[in-house]
file input.pdb (PDB, C-alpha atoms)
ATOM      1  CA  MET A   1     148.455 177.085 -35.442
ATOM      2  CA  HIS A   2     150.060 174.896 -38.068
ATOM      3  CA  VAL A   3     153.491 173.478 -38.671
ATOM      4  CA  VAL A   4     155.446 174.633 -41.700
ATOM      5  CA  LEU A   5     158.781 173.353 -42.942
ATOM      6  CA  ALA A   6     160.745 176.183 -41.336
ATOM      7  CA  GLY A   7     158.941 176.075 -38.009
ATOM      8  CA  ILE A   8     155.657 176.590 -36.221
ATOM      9  CA  TYR A   9     153.213 179.250 -37.368
ATOM     10  CA  TRP A  10     150.093 180.629 -35.659
ATOM     11  CA  ASP A  11     148.152 183.900 -35.754
ATOM     12  CA  GLY A  12     150.856 185.651 -37.779
ATOM     13  CA  PHE A  13     153.695 184.500 -35.480
ATOM     14  CA  GLN A  14     156.357 181.993 -36.427
ATOM     15  CA  VAL A  15     158.990 180.195 -34.389
ATOM     16  CA  PHE A  16     161.798 179.160 -36.710
ATOM     17  CA  ARG A  17     163.148 175.782 -35.657
ATOM     18  CA  ALA A  18     166.384 176.091 -37.596
ATOM     19  CA  SER A  19     167.178 179.665 -36.641
ATOM     20  CA  VAL A  20     167.087 181.844 -33.584
ATOM     21  CA  GLN A  21     163.954 183.927 -33.501
ATOM     22  CA  ILE A  22     160.227 184.471 -33.241
ATOM     23  CA  THR A  23     158.851 186.735 -35.956
ATOM     24  CA  TYR A  24     155.511 188.402 -36.603
ATOM     25  CA  ASN A  25     154.268 188.448 -40.177
ATOM     26  CA  PRO A  26     150.472 188.879 -40.327
ATOM     27  CA  ASN A  27     150.178 189.684 -44.043
ATOM     28  CA  GLY A  28     152.860 187.483 -45.557
ATOM     29  CA  ASP A  29     154.963 190.462 -46.641
ATOM     30  CA  SER A  30     157.826 191.494 -44.345
ATOM     31  CA  SER A  31     158.537 189.907 -40.982
ATOM     32  CA  HIS A  32     159.179 191.801 -37.772
ATOM     33  CA  ILE A  33     161.760 190.071 -35.601
ATOM     34  CA  ILE A  34     160.564 189.914 -31.998
ATOM     35  CA  THR A  35     163.263 187.839 -30.294
ATOM     36  CA  LEU A  36     166.903 187.105 -30.883
ATOM     37  CA  GLY A  37     168.904 184.223 -29.462
ATOM     38  CA  LYS A  38     168.082 180.533 -29.834
ATOM     39  CA  ILE A  39     164.454 179.868 -28.886
ATOM     40  CA  THR A  40     164.357 176.425 -27.242
ATOM     41  CA  GLU A  41     160.961 176.335 -25.547
ATOM     42  CA  VAL A  42     157.673 178.098 -26.196
ATOM     43  CA  ASN A  43     153.968 178.008 -25.406
ATOM     44  CA  TYR A  44     150.990 180.233 -26.083
ATOM     45  CA  ASN A  45     147.316 180.848 -25.484
ATOM     46  CA  GLN A  46     144.753 183.210 -27.060
ATOM     47  CA  GLU A  47     146.476 186.285 -25.616
ATOM     48  CA  TYR A  48     150.159 185.592 -25.002
ATOM     49  CA  ILE A  49     153.248 183.805 -26.205
ATOM     50  CA  GLU A  50     155.978 182.834 -23.775
ATOM     51  CA  ALA A  51     159.432 181.729 -24.857
ATOM     52  CA  LYS A  52     162.737 180.573 -23.416
ATOM     53  CA  GLN A  53     165.868 181.623 -25.238
ATOM     54  CA  LEU A  54     169.533 180.777 -25.019
ATOM     55  CA  GLU A  55     171.883 183.597 -25.934
ATOM     56  CA  LEU A  56     174.463 182.822 -28.576
ATOM     57  CA  LYS A  57     178.229 182.743 -28.107
ATOM     58  CA  ASP A  58     181.257 182.096 -30.288
ATOM     59  CA  ASP A  59     182.022 178.419 -30.823
ATOM     60  CA  ILE A  60     185.423 177.967 -29.193
ATOM     61  CA  ASN A  61     185.868 174.666 -31.055
ATOM     62  CA  THR A  62     185.995 176.294 -34.497
ATOM     63  CA  VAL A  63     187.649 179.284 -36.108
ATOM     64  CA  SER A  64     184.521 180.185 -38.044
ATOM     65  CA  THR A  65     182.014 182.879 -37.137
ATOM     66  CA  VAL A  66     179.439 180.253 -36.172
ATOM     67  CA  LYS A  67     177.598 181.004 -32.935
ATOM     68  CA  VAL A  68     176.293 178.300 -30.616
ATOM     69  CA  PRO A  69     173.683 178.408 -27.843
ATOM     70  CA  ASP A  70     175.056 179.304 -24.414
ATOM     71  CA  GLU A  71     173.319 177.003 -21.896
ATOM     72  CA  THR A  72     174.415 179.308 -19.059
ATOM     73  CA  ASP A  73     172.820 182.470 -20.509
ATOM     74  CA  VAL A  74     169.057 181.860 -20.388
ATOM     75  CA  LYS A  75     166.471 184.592 -21.006
ATOM     76  CA  TYR A  76     162.672 184.599 -21.265
ATOM     77  CA  TRP A  77     160.133 186.534 -23.327
ATOM     78  CA  VAL A  78     156.427 187.271 -22.948
ATOM     79  CA  ILE A  79     154.583 188.648 -25.986
ATOM     80  CA  ASP A  80     151.083 190.124 -25.999
ATOM     81  CA  LYS A  81     149.675 188.857 -29.300
ATOM     82  CA  SER A  82     147.097 191.613 -29.805
ATOM     83  CA  SER A  83     149.169 194.689 -28.917
ATOM     84  CA  LEU A  84     152.619 193.218 -29.760
ATOM     85  CA  ILE A  85     153.901 194.483 -26.409
ATOM     86  CA  THR A  86     156.985 192.444 -25.638
ATOM     87  CA  TRP A  87     158.627 191.889 -22.272
ATOM     88  CA  GLY A  88     162.133 190.553 -22.583
ATOM     89  CA  PRO A  89     164.731 189.473 -22.469
ATOM     90  CA  LEU A  90     163.976 188.692 -18.813
ATOM     91  CA  LYS A  91     165.890 186.763 -16.177
ATOM     92  CA  HIS A  92     163.958 183.820 -14.690
ATOM     93  CA  ASP A  93     162.731 185.588 -11.531
ATOM     94  CA  ARG A  94     161.439 188.634 -13.456
ATOM     95  CA  TYR A  95     159.835 186.320 -16.034
ATOM     96  CA  GLN A  96     157.953 184.432 -13.272
ATOM     97  CA  GLN A  97     156.848 187.748 -11.781
ATOM     98  CA  LYS A  98     155.537 188.977 -15.162
ATOM     99  CA  MET A  99     153.671 185.705 -15.749
ATOM    100  CA  ASP A 100     152.013 186.078 -12.330
ATOM    101  CA  GLU A 101     151.147 189.749 -13.000
ATOM    102  CA  LEU A 102     149.505 188.813 -16.304
ATOM    103  CA  GLY A 103     147.785 185.717 -14.892
ATOM    104  CA  ILE A 104     149.433 183.414 -17.427
ATOM    105  CA  HIS A 105     149.577 179.768 -16.381
ATOM    106  CA  LEU A 106     151.343 177.936 -19.185
ATOM    107  CA  ASN A 107     154.192 175.449 -19.155
ATOM    108  CA  LEU A 108     157.015 176.005 -21.590
ATOM    109  CA  LEU A 109     157.351 173.137 -24.055
ATOM    110  CA  PRO A 110     160.367 172.144 -26.122
ATOM    111  CA  ILE A 111     159.920 173.401 -29.689
ATOM    112  CA  GLY A 112     159.865 169.830 -30.994
ATOM    113  CA  GLU A 113     156.801 168.982 -28.870
ATOM    114  CA  LEU A 114     154.597 171.727 -30.345
ATOM    115  CA  LYS A 115     152.218 170.576 -33.010
TER     116      LYS A 115
END
call {"tool": "encode", "arguments": {"input": "input.pdb", "output": "structure tokens"}}
result
Amino acid sequence: MHVVLAGIYWDGFQVFRASVQITYNPNGDSSHIITLGKITEVNYNQEYIEAKQLELKDDINTVSTVKVPDETDVKYWVIDKSSLITWGPLKHDRYQQKMDELGIHLNLLPIGELK
């Protein structure tokens, strides 16, 4: 894994800090969007990526089309790095169940703490 200006990149995956998604781009050509919504926390190991996302909502304080994260609408994702099987968006209880099923024991970290 290494940090790039736009976000964090490892094994063909990238978490964009300034945007709202995790993408997969193994060859540097076109990216495949895996998640939508604002990714706020993430962690990974050799096999899986886990992510916490906040859905986006209209900003009631502006008249623009800008969307802002909705702290009350939290979803989770689990991504198998080798097969690209993706589970999500999941509610917290289903996410915990999937992590247990897969034997994943990681703690989500705020994006800013990943190096």
call {"tool": "atom_distance", "arguments": {"input": "input.pdb", "atom1": "CA of Ser64 (chain A)", "atom2": "CA of Leu90 (chain A)"}}
result
29.4 Å
call {"tool": "closest_residue", "arguments": {"input": "input.pdb", "among": "A:Lys81, A:Lys75, A:Lys57, A:His105", "to": "Asp93 (chain A)", "atoms": "all atoms listed in the file"}}
result
A:Lys75
call {"tool": "closest_residue", "arguments": {"input": "input.pdb", "among": "A:Thr40, A:Trp77, A:Asn61, A:Leu56", "to": "Met99 (chain A)", "atoms": "only C-alpha atoms"}}
result
A:Trp77
call {"tool": "closest_residue", "arguments": {"input": "input.pdb", "among": "A:Ile39, A:Tyr76, A:Leu54, A:Tyr48", "to": "Leu102 (chain A)", "atoms": "only C-alpha atoms"}}
result
A:Tyr48
call {"tool": "residues_around", "arguments": {"input": "input.pdb", "residues": "Ile79 (chain A)", "least_positions_apart": "6", "cutoff": "10 Å", "atoms": "all atoms listed in the file", "output": "PDB file with C-alpha atoms, in the frame of the given file"}}
result
ATOM      1  CA  ILE A  34     160.564 189.914 -31.998  1.00  0.00           C
ATOM      2  CA  THR A  35     163.263 187.839 -30.294  1.00  0.00           C
ATOM      3  CA  TYR A  44     150.990 180.233 -26.083  1.00  0.00           C
ATOM      4  CA  GLU A  47     146.476 186.285 -25.616  1.00  0.00           C
ATOM      5  CA  TYR A  48     150.159 185.592 -25.002  1.00  0.00           C
ATOM      6  CA  ILE A  49     153.248 183.805 -26.205  1.00  0.00           C
ATOM      7  CA  GLU A  50     155.978 182.834 -23.775  1.00  0.00           C
ATOM      8  CA  ALA A  51     159.432 181.729 -24.857  1.00  0.00           C
ATOM      9  CA  ILE A  85     153.901 194.483 -26.409  1.00  0.00           C
ATOM     10  CA  THR A  86     156.985 192.444 -25.638  1.00  0.00           C
ATOM     11  CA  TRP A  87     158.627 191.889 -22.272  1.00  0.00           C
ATOM     12  CA  GLY A  88     162.133 190.553 -22.583  1.00  0.00           C
TER      13      GLY A  88
END
call {"tool": "atom_distance", "arguments": {"input": "input.pdb", "atom1": "CA of His92 (chain A)", "atom2": "CA of Thr72 (chain A)"}}
result
12.2 Å
call {"tool": "closest_residue", "arguments": {"input": "input.pdb", "among": "A:Leu106, A:Pro89, A:Lys38, A:Lys98", "to": "Lys67 (chain A)", "atoms": "all atoms listed in the file"}}
result
A:Lys38
call {"tool": "atom_distance", "arguments": {"input": "input.pdb", "atom1": "CA of Leu109 (chain A)", "atom2": "CA of Gln97 (chain A)"}}
result
19.1 Å
call {"tool": "closest_residue", "arguments": {"input": "input.pdb", "among": "A:Val74, A:Val63, A:Ile104, A:Leu84", "to": "Glu41 (chain A)", "atoms": "only C-alpha atoms"}}
result
A:Val74
call {"tool": "build_atoms", "arguments": {"input": "input.pdb", "residues": "region 45-68 of chain A", "atoms": "N, CA and C atoms", "output": "PDB file, keeping the file's coordinate frame"}}
result
ATOM      1  N   ASN A  45     148.757 180.972 -25.612  1.00  0.00           N
ATOM      2  CA  ASN A  45     147.316 180.848 -25.484  1.00  0.00           C
ATOM      3  C   ASN A  45     146.692 181.902 -26.389  1.00  0.00           C
ATOM      4  N   GLN A  46     145.422 182.232 -26.192  1.00  0.00           N
ATOM      5  CA  GLN A  46     144.753 183.210 -27.060  1.00  0.00           C
ATOM      6  C   GLN A  46     145.396 184.585 -26.988  1.00  0.00           C
ATOM      7  N   GLU A  47     145.979 184.931 -25.833  1.00  0.00           N
ATOM      8  CA  GLU A  47     146.476 186.285 -25.616  1.00  0.00           C
ATOM      9  C   GLU A  47     147.991 186.441 -25.657  1.00  0.00           C
ATOM     10  N   TYR A  48     148.718 185.427 -25.210  1.00  0.00           N
ATOM     11  CA  TYR A  48     150.159 185.592 -25.002  1.00  0.00           C
ATOM     12  C   TYR A  48     150.982 184.457 -25.595  1.00  0.00           C
ATOM     13  N   ILE A  49     152.228 184.791 -25.854  1.00  0.00           N
ATOM     14  CA  ILE A  49     153.248 183.805 -26.205  1.00  0.00           C
ATOM     15  C   ILE A  49     154.335 183.932 -25.143  1.00  0.00           C
ATOM     16  N   GLU A  50     154.828 182.817 -24.670  1.00  0.00           N
ATOM     17  CA  GLU A  50     155.978 182.834 -23.775  1.00  0.00           C
ATOM     18  C   GLU A  50     157.074 182.010 -24.422  1.00  0.00           C
ATOM     19  N   ALA A  51     158.320 182.417 -24.210  1.00  0.00           N
ATOM     20  CA  ALA A  51     159.432 181.729 -24.857  1.00  0.00           C
ATOM     21  C   ALA A  51     160.666 181.744 -23.967  1.00  0.00           C
ATOM     22  N   LYS A  52     161.436 180.676 -24.084  1.00  0.00           N
ATOM     23  CA  LYS A  52     162.737 180.573 -23.416  1.00  0.00           C
ATOM     24  C   LYS A  52     163.805 180.647 -24.493  1.00  0.00           C
ATOM     25  N   GLN A  53     164.812 181.437 -24.247  1.00  0.00           N
ATOM     26  CA  GLN A  53     165.868 181.623 -25.238  1.00  0.00           C
ATOM     27  C   GLN A  53     167.228 181.393 -24.609  1.00  0.00           C
ATOM     28  N   LEU A  54     168.133 180.865 -25.395  1.00  0.00           N
ATOM     29  CA  LEU A  54     169.533 180.777 -25.019  1.00  0.00           C
ATOM     30  C   LEU A  54     170.279 181.802 -25.850  1.00  0.00           C
ATOM     31  N   GLU A  55     171.051 182.650 -25.190  1.00  0.00           N
ATOM     32  CA  GLU A  55     171.883 183.597 -25.934  1.00  0.00           C
ATOM     33  C   GLU A  55     172.916 182.820 -26.740  1.00  0.00           C
ATOM     34  N   LEU A  56     173.471 183.467 -27.720  1.00  0.00           N
ATOM     35  CA  LEU A  56     174.463 182.822 -28.576  1.00  0.00           C
ATOM     36  C   LEU A  56     175.862 183.305 -28.216  1.00  0.00           C
ATOM     37  N   LYS A  57     176.833 182.409 -28.377  1.00  0.00           N
ATOM     38  CA  LYS A  57     178.229 182.743 -28.107  1.00  0.00           C
ATOM     39  C   LYS A  57     179.095 182.161 -29.215  1.00  0.00           C
ATOM     40  N   ASP A  58     180.315 182.642 -29.311  1.00  0.00           N
ATOM     41  CA  ASP A  58     181.257 182.096 -30.288  1.00  0.00           C
ATOM     42  C   ASP A  58     181.545 180.636 -29.963  1.00  0.00           C
ATOM     43  N   ASP A  59     181.674 179.830 -30.989  1.00  0.00           N
ATOM     44  CA  ASP A  59     182.022 178.419 -30.823  1.00  0.00           C
ATOM     45  C   ASP A  59     183.538 178.327 -30.658  1.00  0.00           C
ATOM     46  N   ILE A  60     183.980 178.008 -29.455  1.00  0.00           N
ATOM     47  CA  ILE A  60     185.423 177.967 -29.193  1.00  0.00           C
ATOM     48  C   ILE A  60     186.102 176.773 -29.861  1.00  0.00           C
ATOM     49  N   ASN A  61     185.304 175.850 -30.411  1.00  0.00           N
ATOM     50  CA  ASN A  61     185.868 174.666 -31.055  1.00  0.00           C
ATOM     51  C   ASN A  61     186.138 174.870 -32.541  1.00  0.00           C
ATOM     52  N   THR A  62     185.762 176.023 -33.079  1.00  0.00           N
ATOM     53  CA  THR A  62     185.995 176.294 -34.497  1.00  0.00           C
ATOM     54  C   THR A  62     186.572 177.699 -34.654  1.00  0.00           C
ATOM     55  N   VAL A  63     187.137 177.946 -35.812  1.00  0.00           N
ATOM     56  CA  VAL A  63     187.649 179.284 -36.108  1.00  0.00           C
ATOM     57  C   VAL A  63     186.660 180.077 -36.961  1.00  0.00           C
ATOM     58  N   SER A  64     185.518 179.496 -37.226  1.00  0.00           N
ATOM     59  CA  SER A  64     184.521 180.185 -38.044  1.00  0.00           C
ATOM     60  C   SER A  64     183.753 181.197 -37.200  1.00  0.00           C
ATOM     61  N   THR A  65     182.844 181.895 -37.833  1.00  0.00           N
ATOM     62  CA  THR A  65     182.014 182.879 -37.137  1.00  0.00           C
ATOM     63  C   THR A  65     180.710 182.262 -36.632  1.00  0.00           C
ATOM     64  N   VAL A  66     180.642 180.947 -36.623  1.00  0.00           N
ATOM     65  CA  VAL A  66     179.439 180.253 -36.172  1.00  0.00           C
ATOM     66  C   VAL A  66     179.218 180.518 -34.686  1.00  0.00           C
ATOM     67  N   LYS A  67     177.981 180.808 -34.333  1.00  0.00           N
ATOM     68  CA  LYS A  67     177.598 181.004 -32.935  1.00  0.00           C
ATOM     69  C   LYS A  67     176.834 179.761 -32.470  1.00  0.00           C
ATOM     70  N   VAL A  68     176.975 179.454 -31.199  1.00  0.00           N
ATOM     71  CA  VAL A  68     176.293 178.300 -30.616  1.00  0.00           C
ATOM     72  C   VAL A  68     175.511 178.756 -29.388  1.00  0.00           C
TER      73      VAL A  68
END
